[in-house]
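Working notes, structure below.
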Amino acid sequence: MRVTIQTENMKNLRESVHSNCSGVRFGSEFCEWKIPSLGNLKEAYTIVKEAGKKFSYLTPRISETNLGEVKEQLDFLNGEGDAGLVFNDLGVLSLLEHNPNLTPQLGRQLVFIPARCPWEQITNFEVSFMARRHVAKLFYQTNLNNAKTINFFLEHGVRNVDLDWIPPCFPYFKPLRDAGLNLSVHLHLTPVTSTRRCHTARFLGIDNPVSCPRPCFERGFLLRNMMLDLDFYLLGNVVFRYSEPSPKEIRNVHSLLGEFEFVVSMNPITGLEDRKTIDMLIDNLSAFR
Amino acid sequence: MVQKVPKLLAPIMRFEGAVKVIGAGADELYCDVEMPLKHFSLYRGAEHSIPTYKELNATVKYAHDHGVKVFITANMPFTADIIEKDWREHIVRCLEQNVDALVVGDLGVLSTIRDIDPGVPLLASTYFCSMNREAANFLKKLGFRRVILERHLTIPEISGIVENSEPEVEVFVHGAGCSNINVNCYLFHYRYPPLTKALRDVDGFKNPCTLPFEIYDSRSNEKLGEAPILDAFTFCSICHLPALVKAGVAGLKIVGRGDFIAFQESTTRIYRELLDLIGQDRVDEFYKKVLELKKDFLPRPPMFANLEEVACEQKRCFYGPLFHAPYRTQLSWSAWLKYQFKVLEHRK
């Protein structure tokens, strides 16, 4: 069983490489203001490779402002010749044409899954049973459950895709695997919404994204709405919902999908912030298999 | 001196609305037609769509008679094999009504449309979340003539994209706005009764991102307060119009297919007047007009307010600094009463 650790900063990266994980992702999945410096990227790459683990660089959606910085980083990684690149922006996919040594991996922001929605879809009781069943089928699929979309990404060299831990979706993940994509399933945190107008920064009174002290490395927030009996988690510019996988679900997903990769994020919400907690999680995942 | 100004795109969802916004000076209209998948409302319900192809046909004919183009937003950010046939039939039916372009927001839908060989230009929806020149040029290579940018960019970023990319560039300028990145927001997808009730119970709120949340530190569980913490929407850009024109954008889009026709019409009229002043290089009159407009009543329930209150005071400004936007507060009794009078006045 493969478990990859996703880290945003050097402190967590140093912890992760000593764990029993098979690979390490470094970078920012959602916030372009948390893109590491080229110096940090070089250091992270060296540390992970020296630990004998697979290295992937993680990129968010990129605005015109930060495009140049990312280009420079991809050039470096392409020169090293042995790294994965998780992309969440079509502009970054386009840049990969000039960086053939990088292995492109489709990020979660380019995979549309209606079931990330926190509200139950099947609630219109005036709708017929058959219509509700049809809607349910759609709700749990992804935009990759379309031959044309999946072919588009395959033609652009994509061989891996990031998905979420949403058990009713698993039957619809299988066709993606059958089409030739390797699956990486994120545990715990499913993104519900994200913004450039960072909610955390606004809440903490941080005005300038360029000089943002990145409080989300250390701090997350629980958001509770009593009217809806709903809990979200806010981490930086992203709102997540949290789910803990059950042993039964873990067994089921293995029997359904066969070989795939778990992705686990180190952050204040998951509480995974050192080698020990990571190894405990990996042990549990292995035991439940 | 006459300056070239961008096309003004107005939203519609009824023939009657098309008549009004064309009269108000729209160059292009955008709309949707209700799809057979009406029970599956990923983003918006059918209430934002023209109900029939027949009404679309009448709308297109009227628009063409007045020299105005009609674009169809075939841009649900999602398709799957089991609905591809529905998509294909829907697109073909729309094309049969002589629409002038298709706004597309999904790669699978794009491939389906290319198979049909639509014979009209394709516009890349904001659902592609284009934020840089590479993305814009990539979409051009895929066959798009125009790219609609993500709405939270800054003016320098927009300029940079226009200068360094091949396709035409369109931006949002006015209307409801979203706090979050459109295609990555799964908050507002369906008619969920408890959500509908919650939104109805909270005065003046419309979208789930505007609901109040209790906020706790995730480590200590300490309660830090209660606020509509996700509420960072943008609304207006009249002050930025000269800069947007200078940046060279090809289109300015007003948001609000689901809005009242009065809002669609008045907003179109406001932007038409301002663009014409810019086009005629009447700068002083432009700024004088902007000041007047900010004081005007905005016919947009449930926000019965003027632009200054809705946008300026709350820093709800398209293309402003990224992190600014204080939290809205509930209306005081006196403010509430003031707005009720405005409503009554408007109804007269």
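FYI, nothing fancy with the structure tokens labels: chains A, B, ... in order, residues from 1 per chain, ligands from 1 as they appear.
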Check your understanding: Taking only C-alpha atoms into account, what are the residues of chain A at most 7 Å from chain B, put as a PyMOL selection string?
Key -> chain A and resi 62-65+90-91+94+109+112+114+116-121+123+135+143+145-149+192-199+201-203+207-208+220-225+227-228+269
Next, write the just-selected residues to a file, as a PDB file, in the first residue's frame, keeping C-alpha atoms as the atom set.
ATOM      1  CA  ILE A  62      -1.643  30.427 -10.746  1.00  0.00           C
ATOM      2  CA  SER A  63      -2.384  34.034 -11.582  1.00  0.00           C
ATOM      3  CA  GLU A  64      -0.442  36.121 -14.059  1.00  0.00           C
ATOM      4  CA  THR A  65       1.462  37.616 -11.098  1.00  0.00           C
ATOM      5  CA  LEU A  90      -4.502  24.671 -17.441  1.00  0.00           C
ATOM      6  CA  GLY A  91      -1.721  27.234 -17.830  1.00  0.00           C
ATOM      7  CA  SER A  94       0.529  24.114 -21.005  1.00  0.00           C
ATOM      8  CA  GLN A 109      -9.208  21.581  -8.775  1.00  0.00           C
ATOM      9  CA  PHE A 112     -15.064  18.209 -10.836  1.00  0.00           C
ATOM     10  CA  PRO A 114     -20.541  17.175  -7.650  1.00  0.00           C
ATOM     11  CA  ARG A 116     -18.079  17.434  -2.873  1.00  0.00           C
ATOM     12  CA  CYS A 117     -21.200  19.456  -2.230  1.00  0.00           C
ATOM     13  CA  PRO A 118     -22.063  19.381   1.465  1.00  0.00           C
ATOM     14  CA  TRP A 119     -25.792  19.269   0.831  1.00  0.00           C
ATOM     15  CA  GLU A 120     -27.544  16.031  -0.014  1.00  0.00           C
ATOM     16  CA  GLN A 121     -28.426  16.089  -3.668  1.00  0.00           C
ATOM     17  CA  THR A 123     -33.897  16.042  -1.671  1.00  0.00           C
ATOM     18  CA  VAL A 135     -29.541  12.416 -10.558  1.00  0.00           C
ATOM     19  CA  ASN A 143     -15.911  15.056 -15.043  1.00  0.00           C
ATOM     20  CA  ASN A 145     -16.351   9.792 -16.259  1.00  0.00           C
ATOM     21  CA  ASN A 146     -16.568  11.076 -19.788  1.00  0.00           C
ATOM     22  CA  ALA A 147     -14.499   9.381 -22.452  1.00  0.00           C
ATOM     23  CA  LYS A 148     -13.713  12.654 -24.213  1.00  0.00           C
ATOM     24  CA  THR A 149     -12.461  14.416 -21.094  1.00  0.00           C
ATOM     25  CA  VAL A 192     -15.904  22.428  -0.705  1.00  0.00           C
ATOM     26  CA  THR A 193     -14.939  25.871  -1.886  1.00  0.00           C
ATOM     27  CA  SER A 194     -11.861  28.051  -2.356  1.00  0.00           C
ATOM     28  CA  THR A 195     -11.122  31.674  -3.057  1.00  0.00           C
ATOM     29  CA  ARG A 196      -8.413  34.130  -3.994  1.00  0.00           C
ATOM     30  CA  ARG A 197      -9.906  36.629  -1.562  1.00  0.00           C
ATOM     31  CA  CYS A 198      -8.545  34.553   1.306  1.00  0.00           C
ATOM     32  CA  HIS A 199     -11.081  34.094   4.100  1.00  0.00           C
ATOM     33  CA  ALA A 201      -6.456  36.531   5.764  1.00  0.00           C
ATOM     34  CA  ARG A 202      -9.586  38.643   5.944  1.00  0.00           C
ATOM     35  CA  PHE A 203     -10.544  37.178   9.319  1.00  0.00           C
ATOM     36  CA  ASP A 207      -4.192  43.041   3.976  1.00  0.00           C
ATOM     37  CA  ASN A 208      -1.410  42.212   1.609  1.00  0.00           C
ATOM     38  CA  GLY A 220      -7.043  26.297  11.023  1.00  0.00           C
ATOM     39  CA  PHE A 221     -10.619  27.115  11.976  1.00  0.00           C
ATOM     40  CA  LEU A 222     -13.757  25.143  12.606  1.00  0.00           C
ATOM     41  CA  LEU A 223     -16.781  26.857  11.044  1.00  0.00           C
ATOM     42  CA  ARG A 224     -20.113  25.836  12.508  1.00  0.00           C
ATOM     43  CA  ASN A 225     -23.551  26.745  11.245  1.00  0.00           C
ATOM     44  CA  MET A 227     -29.149  26.324  11.385  1.00  0.00           C
ATOM     45  CA  LEU A 228     -27.792  23.731   9.008  1.00  0.00           C
ATOM     46  CA  ILE A 269      -6.756  20.267  10.716  1.00  0.00           C
TER      47      ILE A 269
END
Point to revise | Residue list (strand (DSSP E), DSSP) for stretch 210-341 of chain B, as a PyMOL selection string | key: chain B and resi 213-217+223-227+251-254+297-298+305-306
Test item: residues at most 8 Å from stretch 246-251 of chain B, only C-alpha atoms, excluding those fewer than 2 positions along its chain, as a compact mmCIF listing (two decimals) with N, CA and C atoms, in the first residue's frame:
# COMPACT_ATOMS: atom_id res chain seq x y z
N VAL B 5 -14.31 50.96 -27.43
CA VAL B 5 -14.65 50.41 -26.11
C VAL B 5 -15.06 48.94 -26.25
N PRO B 6 -14.96 48.19 -25.15
CA PRO B 6 -15.32 46.76 -25.23
C PRO B 6 -16.81 46.57 -25.46
N LYS B 7 -17.15 45.37 -25.92
CA LYS B 7 -18.56 45.00 -26.06
C LYS B 7 -19.17 44.87 -24.67
N LEU B 8 -20.43 45.24 -24.57
CA LEU B 8 -21.13 45.13 -23.29
C LEU B 8 -22.09 43.93 -23.35
N LEU B 9 -21.87 42.97 -22.45
CA LEU B 9 -22.68 41.75 -22.43
C LEU B 9 -23.71 41.81 -21.31
N ILE B 155 -6.33 44.48 -12.03
CA ILE B 155 -6.20 45.16 -13.34
C ILE B 155 -4.82 44.89 -13.97
N ILE B 158 -4.89 41.52 -15.50
CA ILE B 158 -5.71 41.48 -16.72
C ILE B 158 -4.93 42.08 -17.89
N SER B 159 -4.28 43.23 -17.64
CA SER B 159 -3.47 43.87 -18.70
C SER B 159 -2.40 42.91 -19.21
N VAL B 162 -3.98 40.29 -21.43
CA VAL B 162 -4.40 40.83 -22.73
C VAL B 162 -3.18 41.05 -23.63
N GLU B 168 -9.30 36.92 -27.58
CA GLU B 168 -9.95 38.07 -26.96
C GLU B 168 -10.14 37.76 -25.48
N VAL B 169 -10.18 38.81 -24.67
CA VAL B 169 -10.33 38.62 -23.23
C VAL B 169 -11.59 39.34 -22.75
N GLU B 170 -12.38 38.61 -21.99
CA GLU B 170 -13.61 39.20 -21.43
C GLU B 170 -13.53 39.15 -19.91
N VAL B 171 -14.10 40.16 -19.26
CA VAL B 171 -14.08 40.18 -17.79
C VAL B 171 -15.48 40.50 -17.25
N PRO B 242 -12.41 52.95 -16.93
CA PRO B 242 -11.36 53.49 -17.82
C PRO B 242 -10.13 52.58 -17.88
N ALA B 243 -9.77 52.00 -16.72
CA ALA B 243 -8.59 51.11 -16.70
C ALA B 243 -8.85 49.84 -17.49
N LEU B 244 -10.07 49.33 -17.40
CA LEU B 244 -10.39 48.10 -18.15
C LEU B 244 -10.39 48.37 -19.65
N LYS B 253 -18.78 41.88 -18.93
CA LYS B 253 -19.98 41.07 -18.68
C LYS B 253 -20.68 41.47 -17.39
**Study point:** Selection: 10 Å around A:Val48, only C-alpha atoms, excl. self and same-chain fewer than 4 positions, as a ChimeraX atom specification
**Key:** /A:13-14,16-18,23-26,43-44,52-56
Mind writing the picked residues with N, CA and C atoms as a CSV table (one decimal), in the first residue's frame?
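Result file again-v1.csv:
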chain,number,residue,atom,x,y,z
A,13,LEU,N,8.0,18.8,5.9
A,13,LEU,CA,8.7,18.0,4.9
A,13,LEU,C,9.8,17.2,5.6
A,14,ARG,N,10.5,17.9,6.5
A,14,ARG,CA,11.6,17.2,7.2
A,14,ARG,C,11.1,16.0,8.1
A,16,SER,N,8.2,14.4,7.4
A,16,SER,CA,7.6,13.4,6.6
A,16,SER,C,8.6,12.4,6.0
A,17,VAL,N,9.8,12.9,5.6
A,17,VAL,CA,10.8,12.0,4.9
A,17,VAL,C,11.3,10.9,5.8
A,18,HIS,N,11.1,11.1,7.1
A,18,HIS,CA,11.6,10.0,8.1
A,18,HIS,C,10.5,9.0,8.4
A,23,GLY,N,6.1,8.3,-0.6
A,23,GLY,CA,6.5,9.5,-1.4
A,23,GLY,C,6.1,10.8,-0.7
A,24,VAL,N,6.6,11.9,-1.1
A,24,VAL,CA,6.4,13.2,-0.5
A,24,VAL,C,6.0,14.2,-1.6
A,25,ARG,N,4.9,14.9,-1.3
A,25,ARG,CA,4.6,16.0,-2.2
A,25,ARG,C,4.9,17.3,-1.4
A,26,PHE,N,5.4,18.3,-2.2
A,26,PHE,CA,5.8,19.5,-1.6
A,26,PHE,C,5.3,20.7,-2.4
A,43,GLU,N,16.0,22.6,-2.0
A,43,GLU,CA,16.3,21.9,-0.8
A,43,GLU,C,15.4,20.7,-0.5
A,44,ALA,N,14.1,21.0,-0.7
A,44,ALA,CA,13.1,19.9,-0.5
A,44,ALA,C,13.3,18.8,-1.4
A,52,GLY,N,15.3,8.6,-0.4
A,52,GLY,CA,14.9,7.5,-1.3
A,52,GLY,C,13.4,7.5,-1.5
A,53,LYS,N,12.8,8.6,-1.5
A,53,LYS,CA,11.3,8.6,-1.7
A,53,LYS,C,11.0,9.4,-3.0
A,54,LYS,N,9.8,9.1,-3.5
A,54,LYS,CA,9.3,9.7,-4.7
A,54,LYS,C,9.0,11.2,-4.4
A,55,PHE,N,9.4,12.1,-5.2
A,55,PHE,CA,9.1,13.5,-5.0
A,55,PHE,C,8.1,14.1,-6.1
A,56,SER,N,7.1,14.8,-5.5
A,56,SER,CA,6.2,15.4,-6.5
A,56,SER,C,6.1,16.9,-6.0
Review point. For the atom pair atom CA of A:Val161 and atom CA of B:Arg145, what is the interatomic distance in Å to one decimal place?
Key: 28.9 Å
Check your understanding: Which one is closest to B:Cys239: B:Pro167, B:Cys312, B:Leu142, B:Pro51? Count only C-alpha atoms.
Key ->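 Result for the nearest residue to B:Cys239: B:Cys312.
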Point to revise | Residue list (alpha helix (DSSP H), DSSP) for stretch 53-266 of chain A, as a PyMOL selection string | key: chain A and resi 64-80+90-95+129-139+147-155+170-178+199-204+247-257
Point to revise | Interatomic distance (Å, one decimal) between atom CA of A:Leu77 and atom CA of A:Phe30 | key: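 Rounded to one decimal, the two atoms are 20.1 Å apart.
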Exercise for review: Would you list the contacts of A:Asp75 as number ranges by chain, taking every protein, DNA or RNA residue within 12 Å and counting only C-alpha atoms, but skipping same-chain residues closer than 3 positions in sequence?
Suggested key: A: 38, 41-42, 68-72, 78-81, 83, 85, 95-102
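The coordinates place atom CA of B:Ile50 at 16.4 Å from atom CA of B:Ile22.
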